[in-house]
Amino acid sequence: MASTGTKDPGCPDILYVKALAAPLTVNTMPEATLKALGKRSQIGSILPVDGGDCEEVLAQFATAGVDIDGLAARLQEEGAKAFVESWHGLMAAIGSKSTVLKRAS
């Protein structure tokens with residue numbers, strides 16, 4: 001699953017967590033979203049293991065002219081790129097702090 005941080009300040013802070021909660025998934029929610037979720041006693045129902053009515057929903061999007069395969073490929077590509085950028089940023093920060101610590105000792 002992609003990051004479930006809400007980008008629009010006009011939307012509830014756990015909007016995507018509630019909409020995408022599913023068994024056997026990994027969620028990379030930002031710290032602010034995790035804290036917001038922690039303040040709730042429940043998030044509601046989770047997605048069914050079998051996907052529920054996902055095929056019907058995707059068919060409605062296709063009927064409306066959405067290129068489902070193209071959109072999926074784009075989202076996967078953008079998501080992977082964002083994770084790689086975050087990884088490189090993390091590695092740079094660790095390298096920088098490691099250099100400072102080595103100089104201090």
# chains A, B, ... in the order shown; residues from 1 in each chain; ligands from 1
>>> residues_around(residues="region 14-27 of chain A", least_positions_apart="4", cutoff="8 Å", atoms="only C-alpha atoms", output="mmCIF file with all heavy atoms, in the first residue's frame")
data_model
loop_
_atom_site.group_PDB
_atom_site.id
_atom_site.type_symbol
_atom_site.label_atom_id
_atom_site.label_comp_id
_atom_site.auth_asym_id
_atom_site.auth_seq_id
_atom_site.Cartn_x
_atom_site.Cartn_y
_atom_site.Cartn_z
ATOM 1 N N MET A 1 0.858 -1.166 0.000
ATOM 2 C CA MET A 1 0.000 0.000 0.000
ATOM 3 C C MET A 1 0.905 1.230 0.000
ATOM 4 O O MET A 1 1.949 1.252 0.632
ATOM 5 C CB MET A 1 -0.888 -0.042 1.237
ATOM 6 C CG MET A 1 -1.792 1.136 1.354
ATOM 7 S SD MET A 1 -2.883 1.082 2.771
ATOM 8 C CE MET A 1 -3.882 -0.298 2.384
ATOM 9 N N ALA A 2 0.468 2.260 -0.653
ATOM 10 C CA ALA A 2 1.200 3.511 -0.669
ATOM 11 C C ALA A 2 0.963 4.291 0.607
ATOM 12 O O ALA A 2 0.144 3.916 1.427
ATOM 13 C CB ALA A 2 0.765 4.342 -1.863
ATOM 14 N N SER A 3 1.710 5.384 0.736
ATOM 15 C CA SER A 3 1.539 6.225 1.915
ATOM 16 C C SER A 3 0.109 6.719 2.018
ATOM 17 O O SER A 3 -0.509 7.095 1.031
ATOM 18 C CB SER A 3 2.482 7.419 1.849
ATOM 19 O OG SER A 3 2.247 8.269 2.959
ATOM 20 N N THR A 4 -0.406 6.727 3.235
ATOM 21 C CA THR A 4 -1.798 7.103 3.449
ATOM 22 C C THR A 4 -1.923 8.428 4.181
ATOM 23 O O THR A 4 -2.913 8.675 4.854
ATOM 24 C CB THR A 4 -2.538 6.006 4.222
ATOM 25 O OG1 THR A 4 -1.760 5.644 5.359
ATOM 26 C CG2 THR A 4 -2.771 4.788 3.357
ATOM 27 N N GLY A 5 -0.925 9.283 4.047
ATOM 28 C CA GLY A 5 -1.045 10.618 4.612
ATOM 29 C C GLY A 5 -1.991 11.448 3.764
ATOM 30 O O GLY A 5 -1.930 11.421 2.539
ATOM 31 N N THR A 6 -2.889 12.175 4.396
ATOM 32 C CA THR A 6 -3.843 13.018 3.670
ATOM 33 C C THR A 6 -3.143 14.285 3.208
ATOM 34 O O THR A 6 -2.526 14.984 4.008
ATOM 35 C CB THR A 6 -5.037 13.366 4.573
ATOM 36 O OG1 THR A 6 -5.606 12.158 5.051
ATOM 37 C CG2 THR A 6 -6.088 14.139 3.816
ATOM 38 N N THR A 33 -0.046 10.973 10.596
ATOM 39 C CA THR A 33 -1.214 10.134 10.363
ATOM 40 C C THR A 33 -1.294 9.023 11.403
ATOM 41 O O THR A 33 -2.375 8.715 11.921
ATOM 42 C CB THR A 33 -1.181 9.532 8.945
ATOM 43 O OG1 THR A 33 -1.052 10.593 7.995
ATOM 44 C CG2 THR A 33 -2.425 8.731 8.639
ATOM 45 N N ALA A 36 -2.595 10.533 14.541
ATOM 46 C CA ALA A 36 -4.028 10.804 14.409
ATOM 47 C C ALA A 36 -4.825 9.516 14.544
ATOM 48 O O ALA A 36 -5.870 9.488 15.204
ATOM 49 C CB ALA A 36 -4.316 11.471 13.060
ATOM 50 N N LEU A 37 -4.325 8.443 13.957
ATOM 51 C CA LEU A 37 -4.992 7.152 14.052
ATOM 52 C C LEU A 37 -4.993 6.658 15.499
ATOM 53 O O LEU A 37 -5.981 6.098 15.971
ATOM 54 C CB LEU A 37 -4.306 6.137 13.140
ATOM 55 C CG LEU A 37 -4.902 4.734 13.106
ATOM 56 C CD1 LEU A 37 -6.337 4.763 12.611
ATOM 57 C CD2 LEU A 37 -4.049 3.830 12.231
ATOM 58 N N ILE A 43 -11.404 2.478 13.453
ATOM 59 C CA ILE A 43 -11.329 3.088 12.123
ATOM 60 C C ILE A 43 -12.497 2.662 11.257
ATOM 61 O O ILE A 43 -12.666 3.145 10.155
ATOM 62 C CB ILE A 43 -10.005 2.774 11.398
ATOM 63 C CG1 ILE A 43 -9.845 1.286 11.146
ATOM 64 C CG2 ILE A 43 -8.837 3.338 12.140
ATOM 65 C CD1 ILE A 43 -8.725 0.963 10.180
ATOM 66 N N GLY A 44 -13.301 1.751 11.739
ATOM 67 C CA GLY A 44 -14.425 1.264 10.947
ATOM 68 C C GLY A 44 -14.108 -0.084 10.345
ATOM 69 O O GLY A 44 -13.175 -0.771 10.755
ATOM 70 N N SER A 45 -14.860 -0.458 9.326
ATOM 71 C CA SER A 45 -14.666 -1.773 8.723
ATOM 72 C C SER A 45 -13.442 -1.772 7.817
ATOM 73 O O SER A 45 -13.047 -0.742 7.281
ATOM 74 C CB SER A 45 -15.908 -2.183 7.935
ATOM 75 O OG SER A 45 -16.141 -1.263 6.890
ATOM 76 N N ILE A 46 -12.834 -2.943 7.676
ATOM 77 C CA ILE A 46 -11.683 -3.076 6.786
ATOM 78 C C ILE A 46 -12.137 -3.694 5.470
ATOM 79 O O ILE A 46 -13.228 -4.266 5.374
ATOM 80 C CB ILE A 46 -10.558 -3.913 7.428
ATOM 81 C CG1 ILE A 46 -11.035 -5.339 7.723
ATOM 82 C CG2 ILE A 46 -10.044 -3.247 8.685
ATOM 83 C CD1 ILE A 46 -9.924 -6.257 8.188
ATOM 84 N N LEU A 47 -11.289 -3.560 4.470
ATOM 85 C CA LEU A 47 -11.622 -4.140 3.165
ATOM 86 C C LEU A 47 -11.675 -5.655 3.276
ATOM 87 O O LEU A 47 -10.860 -6.259 3.979
ATOM 88 C CB LEU A 47 -10.565 -3.748 2.128
ATOM 89 C CG LEU A 47 -10.479 -2.275 1.754
ATOM 90 C CD1 LEU A 47 -9.265 -2.015 0.884
ATOM 91 C CD2 LEU A 47 -11.734 -1.839 1.039
ATOM 92 N N PRO A 48 -12.596 -6.285 2.587
ATOM 93 C CA PRO A 48 -12.660 -7.749 2.639
ATOM 94 C C PRO A 48 -11.449 -8.379 1.952
ATOM 95 O O PRO A 48 -10.881 -7.801 1.018
ATOM 96 C CB PRO A 48 -13.953 -8.088 1.897
ATOM 97 C CG PRO A 48 -14.347 -6.868 1.166
ATOM 98 C CD PRO A 48 -13.649 -5.710 1.791
ATOM 99 N N VAL A 49 -11.065 -9.548 2.413
ATOM 100 C CA VAL A 49 -9.911 -10.254 1.855
ATOM 101 C C VAL A 49 -10.080 -10.501 0.357
ATOM 102 O O VAL A 49 -9.123 -10.430 -0.409
ATOM 103 C CB VAL A 49 -9.687 -11.595 2.603
ATOM 104 C CG1 VAL A 49 -8.578 -12.396 1.964
ATOM 105 C CG2 VAL A 49 -9.375 -11.333 4.068
#
>>> select_by_dssp(residues="region 6-104 of chain A", states="helix (DSSP H, G or I)", output="MDAnalysis selection string")
chainID A and resid 15:20 31:38 54:63 68:104
>>> write_last_selection(atoms="C-alpha atoms", output="mmCIF file, in the first residue's frame")
data_model
loop_
_atom_site.group_PDB
_atom_site.id
_atom_site.type_symbol
_atom_site.label_atom_id
_atom_site.label_comp_id
_atom_site.auth_asym_id
_atom_site.auth_seq_id
_atom_site.Cartn_x
_atom_site.Cartn_y
_atom_site.Cartn_z
ATOM 1 C CA LEU A 15 -9.227 9.458 5.301
ATOM 2 C CA TYR A 16 -7.038 7.019 3.360
ATOM 3 C CA VAL A 17 -6.316 4.784 6.331
ATOM 4 C CA LYS A 18 -10.044 4.264 6.804
ATOM 5 C CA ALA A 19 -10.645 3.720 3.096
ATOM 6 C CA LEU A 20 -7.718 1.358 2.503
ATOM 7 C CA GLU A 31 4.044 9.936 11.698
ATOM 8 C CA ALA A 32 1.300 12.592 11.831
ATOM 9 C CA THR A 33 -1.214 10.134 10.363
ATOM 10 C CA LEU A 34 -0.119 7.396 12.768
ATOM 11 C CA LYS A 35 -0.600 9.761 15.715
ATOM 12 C CA ALA A 36 -4.028 10.804 14.409
ATOM 13 C CA LEU A 37 -4.992 7.152 14.052
ATOM 14 C CA GLY A 38 -3.792 6.473 17.594
ATOM 15 C CA CYS A 54 -13.513 -3.885 -6.471
ATOM 16 C CA GLU A 55 -14.143 -5.322 -9.940
ATOM 17 C CA GLU A 56 -17.441 -3.444 -10.178
ATOM 18 C CA VAL A 57 -15.855 -0.201 -9.001
ATOM 19 C CA LEU A 58 -12.971 -0.538 -11.466
ATOM 20 C CA ALA A 59 -15.458 -1.246 -14.265
ATOM 21 C CA GLN A 60 -17.280 1.991 -13.397
ATOM 22 C CA PHE A 61 -14.005 3.912 -13.640
ATOM 23 C CA ALA A 62 -13.252 2.301 -17.015
ATOM 24 C CA THR A 63 -16.755 3.171 -18.250
ATOM 25 C CA ILE A 68 -7.063 1.717 -15.244
ATOM 26 C CA ASP A 69 -3.891 -0.029 -16.435
ATOM 27 C CA GLY A 70 -2.216 3.253 -17.345
ATOM 28 C CA LEU A 71 -3.184 4.810 -14.030
ATOM 29 C CA ALA A 72 -1.947 1.784 -12.081
ATOM 30 C CA ALA A 73 1.390 1.860 -13.914
ATOM 31 C CA ARG A 74 1.778 5.593 -13.305
ATOM 32 C CA LEU A 75 0.954 5.304 -9.602
ATOM 33 C CA GLN A 76 3.374 2.415 -9.155
ATOM 34 C CA GLU A 77 6.127 4.296 -10.970
ATOM 35 C CA GLU A 78 5.573 7.512 -8.997
ATOM 36 C CA GLY A 79 5.319 5.604 -5.732
ATOM 37 C CA ALA A 80 8.520 3.669 -6.355
ATOM 38 C CA LYS A 81 10.325 6.882 -7.320
ATOM 39 C CA ALA A 82 9.168 8.578 -4.101
ATOM 40 C CA PHE A 83 10.380 5.653 -1.976
ATOM 41 C CA VAL A 84 13.766 5.630 -3.750
ATOM 42 C CA GLU A 85 14.127 9.384 -3.169
ATOM 43 C CA SER A 86 13.252 8.935 0.509
ATOM 44 C CA TRP A 87 15.754 6.078 0.782
ATOM 45 C CA HIS A 88 18.525 8.177 -0.745
ATOM 46 C CA GLY A 89 17.661 11.032 1.618
ATOM 47 C CA LEU A 90 17.810 8.690 4.593
ATOM 48 C CA MET A 91 21.142 7.238 3.485
ATOM 49 C CA ALA A 92 22.571 10.746 3.005
ATOM 50 C CA ALA A 93 21.419 11.795 6.479
ATOM 51 C CA ILE A 94 22.949 8.675 8.044
ATOM 52 C CA GLY A 95 26.183 9.237 6.118
ATOM 53 C CA SER A 96 26.345 12.860 7.219
ATOM 54 C CA LYS A 97 25.718 12.032 10.873
ATOM 55 C CA SER A 98 28.219 9.169 10.698
ATOM 56 C CA THR A 99 30.880 11.547 9.375
ATOM 57 C CA VAL A 100 30.188 14.012 12.204
ATOM 58 C CA LEU A 101 30.418 11.243 14.801
ATOM 59 C CA LYS A 102 33.688 9.913 13.346
ATOM 60 C CA ARG A 103 35.217 13.393 13.481
ATOM 61 C CA ALA A 104 34.093 13.838 17.085
#
>>> atom_distance(atom1="CA of Arg40 (chain A)", atom2="CA of Asp13 (chain A)")
11.0 Å
